[in-house]
$ cat query01.pdb   # PDB, N, CA and C atoms
MODEL        1
ATOM      1  N   MET A   1     103.567 137.799-100.779
ATOM      2  CA  MET A   1     103.472 137.357-102.146
ATOM      3  C   MET A   1     102.223 136.510-102.360
ATOM      4  N   THR A   2     101.826 135.761-101.363
ATOM      5  CA  THR A   2     100.636 134.935-101.460
ATOM      6  C   THR A   2      99.394 135.815-101.638
ATOM      7  N   ASN A   3      99.371 136.928-100.931
ATOM      8  CA  ASN A   3      98.253 137.850-101.034
ATOM      9  C   ASN A   3      98.136 138.403-102.453
ATOM     10  N   LEU A   4      99.261 138.718-103.085
ATOM     11  CA  LEU A   4      99.269 139.229-104.447
ATOM     12  C   LEU A   4      98.756 138.173-105.421
ATOM     13  N   ASN A   5      99.122 136.914-105.201
ATOM     14  CA  ASN A   5      98.646 135.828-106.058
ATOM     15  C   ASN A   5      97.122 135.691-105.950
ATOM     16  N   LYS A   6      96.588 135.862-104.743
ATOM     17  CA  LYS A   6      95.140 135.774-104.558
ATOM     18  C   LYS A   6      94.439 136.903-105.305
ATOM     19  N   VAL A   7      95.037 138.090-105.268
ATOM     20  CA  VAL A   7      94.450 139.241-105.965
ATOM     21  C   VAL A   7      94.457 138.996-107.467
ATOM     22  N   VAL A   8      95.567 138.499-107.998
ATOM     23  CA  VAL A   8      95.670 138.238-109.438
ATOM     24  C   VAL A   8      94.661 137.163-109.844
ATOM     25  N   THR A   9      94.543 136.117-109.060
ATOM     26  CA  THR A   9      93.588 135.045-109.354
ATOM     27  C   THR A   9      92.159 135.575-109.330
ATOM     28  N   SER A  10      91.884 136.397-108.353
ATOM     29  CA  SER A  10      90.556 136.984-108.247
ATOM     30  C   SER A  10      90.249 137.876-109.444
ATOM     31  N   LEU A  11      91.218 138.676-109.844
ATOM     32  CA  LEU A  11      91.021 139.552-111.000
ATOM     33  C   LEU A  11      90.814 138.753-112.287
ATOM     34  N   ARG A  12      91.542 137.678-112.455
ATOM     35  CA  ARG A  12      91.382 136.843-113.647
ATOM     36  C   ARG A  12      90.009 136.200-113.691
ATOM     37  N   SER A  13      89.523 135.736-112.555
ATOM     38  CA  SER A  13      88.190 135.123-112.535
ATOM     39  C   SER A  13      87.116 136.182-112.808
ATOM     40  N   GLU A  14      87.287 137.373-112.272
ATOM     41  CA  GLU A  14      86.340 138.455-112.532
ATOM     42  C   GLU A  14      86.366 138.853-114.003
ATOM     43  N   TYR A  15      87.536 138.866-114.599
ATOM     44  CA  TYR A  15      87.687 139.184-116.015
ATOM     45  C   TYR A  15      86.951 138.154-116.868
ATOM     46  N   ALA A  16      87.089 136.890-116.526
ATOM     47  CA  ALA A  16      86.397 135.827-117.264
ATOM     48  C   ALA A  16      84.883 135.965-117.105
ATOM     49  N   ARG A  17      84.434 136.282-115.886
ATOM     50  CA  ARG A  17      83.000 136.434-115.633
ATOM     51  C   ARG A  17      82.434 137.598-116.442
ATOM     52  N   LEU A  18      83.183 138.705-116.473
ATOM     53  CA  LEU A  18      82.738 139.872-117.229
ATOM     54  C   LEU A  18      82.704 139.584-118.734
ATOM     55  N   GLY A  19      83.647 138.799-119.212
ATOM     56  CA  GLY A  19      83.645 138.421-120.625
ATOM     57  C   GLY A  19      82.394 137.638-120.989
ATOM     58  N   LYS A  20      82.012 136.701-120.135
ATOM     59  CA  LYS A  20      80.789 135.927-120.375
ATOM     60  C   LYS A  20      79.560 136.836-120.324
ATOM     61  N   GLU A  21      79.548 137.759-119.374
ATOM     62  CA  GLU A  21      78.425 138.682-119.245
ATOM     63  C   GLU A  21      78.311 139.583-120.477
ATOM     64  N   MET A  22      79.442 140.059-120.986
ATOM     65  CA  MET A  22      79.428 140.898-122.183
ATOM     66  C   MET A  22      78.920 140.107-123.392
ATOM     67  N   GLU A  23      79.258 138.844-123.459
ATOM     68  CA  GLU A  23      78.767 137.995-124.544
ATOM     69  C   GLU A  23      77.244 137.881-124.468
ATOM     70  N   ARG A  24      76.711 137.707-123.258
ATOM     71  CA  ARG A  24      75.259 137.628-123.080
ATOM     72  C   ARG A  24      74.586 138.946-123.466
ATOM     73  N   VAL A  25      75.196 140.053-123.078
ATOM     74  CA  VAL A  25      74.632 141.361-123.412
ATOM     75  C   VAL A  25      74.640 141.558-124.925
ATOM     76  N   GLY A  26      75.705 141.148-125.584
ATOM     77  CA  GLY A  26      75.780 141.254-127.040
ATOM     78  C   GLY A  26      74.701 140.438-127.727
ATOM     79  N   LYS A  27      74.459 139.234-127.237
ATOM     80  CA  LYS A  27      73.400 138.399-127.815
ATOM     81  C   LYS A  27      72.036 139.040-127.613
ATOM     82  N   ALA A  28      71.826 139.622-126.434
ATOM     83  CA  ALA A  28      70.548 140.281-126.158
ATOM     84  C   ALA A  28      70.350 141.476-127.086
ATOM     85  N   LEU A  29      71.398 142.257-127.303
ATOM     86  CA  LEU A  29      71.295 143.404-128.200
ATOM     87  C   LEU A  29      71.012 142.965-129.629
ATOM     88  N   ASN A  30      71.642 141.893-130.058
ATOM     89  CA  ASN A  30      71.380 141.388-131.405
ATOM     90  C   ASN A  30      69.926 140.951-131.539
ATOM     91  N   ALA A  31      69.420 140.263-130.535
ATOM     92  CA  ALA A  31      68.035 139.814-130.577
ATOM     93  C   ALA A  31      67.085 141.000-130.612
ATOM     94  N   LEU A  32      67.343 142.011-129.810
ATOM     95  CA  LEU A  32      66.480 143.190-129.788
ATOM     96  C   LEU A  32      66.576 143.973-131.081
ATOM     97  N   GLY A  33      67.743 143.982-131.692
ATOM     98  CA  GLY A  33      67.906 144.685-132.952
ATOM     99  C   GLY A  33      67.047 144.087-134.049
ATOM    100  N   HIS A  34      66.892 142.774-134.059
ATOM    101  CA  HIS A  34      66.081 142.113-135.076
ATOM    102  C   HIS A  34      64.595 142.279-134.791
ATOM    103  N   VAL A  35      64.234 142.370-133.550
ATOM    104  CA  VAL A  35      62.828 142.508-133.180
ATOM    105  C   VAL A  35      62.310 143.889-133.523
ATOM    106  N   SER A  36      63.146 144.910-133.382
ATOM    107  CA  SER A  36      62.678 146.282-133.569
ATOM    108  C   SER A  36      62.202 146.534-134.997
ATOM    109  N   GLY A  37      62.666 145.748-135.958
ATOM    110  CA  GLY A  37      62.232 145.941-137.328
ATOM    111  C   GLY A  37      60.757 145.665-137.522
ATOM    112  N   ASN A  38      60.209 144.682-136.813
ATOM    113  CA  ASN A  38      58.799 144.374-137.004
ATOM    114  C   ASN A  38      58.020 144.395-135.688
ATOM    115  N   GLY A  39      58.635 144.756-134.616
ATOM    116  CA  GLY A  39      57.960 144.738-133.331
ATOM    117  C   GLY A  39      57.171 145.999-133.048
ATOM    118  N   PHE A  40      57.578 147.111-133.632
ATOM    119  CA  PHE A  40      56.913 148.370-133.365
ATOM    120  C   PHE A  40      56.303 148.896-134.650
ATOM    121  N   LYS A  41      55.071 149.340-134.558
ATOM    122  CA  LYS A  41      54.413 149.902-135.723
ATOM    123  C   LYS A  41      54.468 151.420-135.617
ATOM    124  N   ARG A  42      55.040 152.034-136.593
ATOM    125  CA  ARG A  42      55.142 153.488-136.595
ATOM    126  C   ARG A  42      53.922 154.070-137.297
ATOM    127  N   THR A  43      53.414 155.128-136.739
ATOM    128  CA  THR A  43      52.283 155.793-137.364
ATOM    129  C   THR A  43      52.796 156.897-138.268
ATOM    130  N   LYS A  44      52.038 157.153-139.311
ATOM    131  CA  LYS A  44      52.422 158.217-140.236
ATOM    132  C   LYS A  44      52.063 159.563-139.636
ATOM    133  N   ARG A  45      52.846 160.544-139.954
ATOM    134  CA  ARG A  45      52.555 161.891-139.490
ATOM    135  C   ARG A  45      51.493 162.511-140.394
ATOM    136  N   VAL A  46      50.600 163.228-139.807
ATOM    137  CA  VAL A  46      49.522 163.855-140.561
ATOM    138  C   VAL A  46      49.817 165.346-140.690
ATOM    139  N   LEU A  47      49.802 165.819-141.926
ATOM    140  CA  LEU A  47      50.025 167.240-142.181
ATOM    141  C   LEU A  47      48.692 167.898-142.519
ATOM    142  N   SER A  48      48.572 169.113-142.103
ATOM    143  CA  SER A  48      47.363 169.863-142.436
ATOM    144  C   SER A  48      47.430 170.275-143.905
ATOM    145  N   LYS A  49      46.266 170.681-144.441
ATOM    146  CA  LYS A  49      46.227 171.148-145.833
ATOM    147  C   LYS A  49      47.133 172.355-146.014
ATOM    148  N   ASP A  50      47.117 173.227-145.024
ATOM    149  CA  ASP A  50      47.950 174.431-145.097
ATOM    150  C   ASP A  50      49.434 174.073-145.138
ATOM    151  N   ALA A  51      49.841 173.107-144.334
ATOM    152  CA  ALA A  51      51.251 172.692-144.317
ATOM    153  C   ALA A  51      51.645 172.068-145.643
ATOM    154  N   ARG A  52      50.770 171.206-146.195
ATOM    155  CA  ARG A  52      51.070 170.606-147.502
ATOM    156  C   ARG A  52      51.168 171.671-148.589
ATOM    157  N   ARG A  53      50.299 172.676-148.526
ATOM    158  CA  ARG A  53      50.318 173.755-149.504
ATOM    159  C   ARG A  53      51.625 174.535-149.428
ATOM    160  N   ARG A  54      52.067 174.866-148.187
ATOM    161  CA  ARG A  54      53.321 175.612-148.022
ATOM    162  C   ARG A  54      54.510 174.813-148.521
ATOM    163  N   ILE A  55      54.520 173.526-148.257
ATOM    164  CA  ILE A  55      55.627 172.668-148.718
ATOM    165  C   ILE A  55      55.637 172.618-150.241
ATOM    166  N   ALA A  56      54.462 172.458-150.842
ATOM    167  CA  ALA A  56      54.370 172.391-152.299
ATOM    168  C   ALA A  56      54.840 173.705-152.938
ATOM    169  N   GLU A  57      54.429 174.818-152.369
ATOM    170  CA  GLU A  57      54.859 176.118-152.910
ATOM    171  C   GLU A  57      56.366 176.297-152.799
ATOM    172  N   ALA A  58      56.925 175.895-151.681
ATOM    173  CA  ALA A  58      58.379 176.004-151.497
ATOM    174  C   ALA A  58      59.105 175.141-152.512
ATOM    175  N   GLN A  59      58.579 173.936-152.773
ATOM    176  CA  GLN A  59      59.219 173.053-153.751
ATOM    177  C   GLN A  59      59.105 173.642-155.156
ATOM    178  N   ARG A  60      57.976 174.238-155.481
ATOM    179  CA  ARG A  60      57.828 174.874-156.792
ATOM    180  C   ARG A  60      58.842 175.997-156.959
ATOM    181  N   ARG A  61      59.041 176.782-155.897
ATOM    182  CA  ARG A  61      60.042 177.862-155.958
ATOM    183  C   ARG A  61      61.447 177.293-156.174
ATOM    184  N   ARG A  62      61.752 176.169-155.497
ATOM    185  CA  ARG A  62      63.080 175.548-155.679
ATOM    186  C   ARG A  62      63.274 175.100-157.120
ATOM    187  N   TRP A  63      62.253 174.434-157.684
ATOM    188  CA  TRP A  63      62.378 173.968-159.059
ATOM    189  C   TRP A  63      62.478 175.128-160.037
ATOM    190  N   ALA A  64      61.738 176.212-159.773
ATOM    191  CA  ALA A  64      61.824 177.392-160.645
ATOM    192  C   ALA A  64      63.240 177.956-160.622
ATOM    193  N   LYS A  65      63.847 177.971-159.457
ATOM    194  CA  LYS A  65      65.223 178.469-159.325
ATOM    195  C   LYS A  65      66.183 177.573-160.114
ATOM    196  N   VAL A  66      65.991 176.251-160.030
ATOM    197  CA  VAL A  66      66.855 175.330-160.765
ATOM    198  C   VAL A  66      66.695 175.530-162.267
ATOM    199  N   ARG A  67      65.436 175.648-162.719
ATOM    200  CA  ARG A  67      65.191 175.849-164.150
ATOM    201  C   ARG A  67      65.795 177.171-164.637
ATOM    202  N   LYS A  68      65.681 178.208-163.831
ATOM    203  CA  LYS A  68      66.233 179.517-164.193
ATOM    204  C   LYS A  68      67.760 179.439-164.337
ATOM    205  N   GLN A  69      68.413 178.725-163.416
ATOM    206  CA  GLN A  69      69.876 178.584-163.486
ATOM    207  C   GLN A  69      70.278 177.719-164.673
ATOM    208  N   ALA A  70      69.468 176.717-165.005
ATOM    209  CA  ALA A  70      69.805 175.830-166.124
ATOM    210  C   ALA A  70      69.646 176.583-167.460
ATOM    211  N   ALA A  71      68.680 177.471-167.513
ATOM    212  CA  ALA A  71      68.452 178.228-168.755
ATOM    213  C   ALA A  71      69.550 179.264-168.984
ATOM    214  N   ALA A  72      70.154 179.739-167.934
ATOM    215  CA  ALA A  72      71.167 180.804-168.060
ATOM    216  C   ALA A  72      72.499 180.288-168.510
TER     217      ALA A  72
ENDMDL
END
$ encode --input "query01.pdb" --output "structure tokens"
Amino acid sequence: MTNLNKVVTSLRSEYARLGKEMERVGKALNALGHVSGNGFKRTKRVLSKDARRRIAEAQRRRWAKVRKQAAA
């Protein structure tokens, strides 16, 4: 029975230690979450003229379809 008590005591102390560690990890994640908003600079994607033209034409076709359905 003494051996079982030692195991339970050991498990409780490990549980408490893990709880403190999880609290530290949570604080670290919160700190990193706030830093990521202004810590990294994202670059804009550059599209070629041809890609912009294809996108514009596709959007014009979509709007034409919407106008055609609205008129009907």
$ atom_distance --input "query01.pdb" --atom1 "atom C of Lys49 in chain A" --atom2 "atom N of Ala70 in chain A"
29.6 Å
$ select_by_dssp --input "query01.pdb" --residues "chain A" --states "helix (DSSP H, G or I)" --output "PyMOL selection string"
chain A and resi 2-39+49-71
$ atom_distance --input "query01.pdb" --atom1 "CA of Glu57 in chain A" --atom2 "CA of Arg45 in chain A"
19.7 Å
$ atom_distance --input "query01.pdb" --atom1 "atom C of Ala31 in chain A" --atom2 "atom N of Arg17 in chain A"
23.2 Å
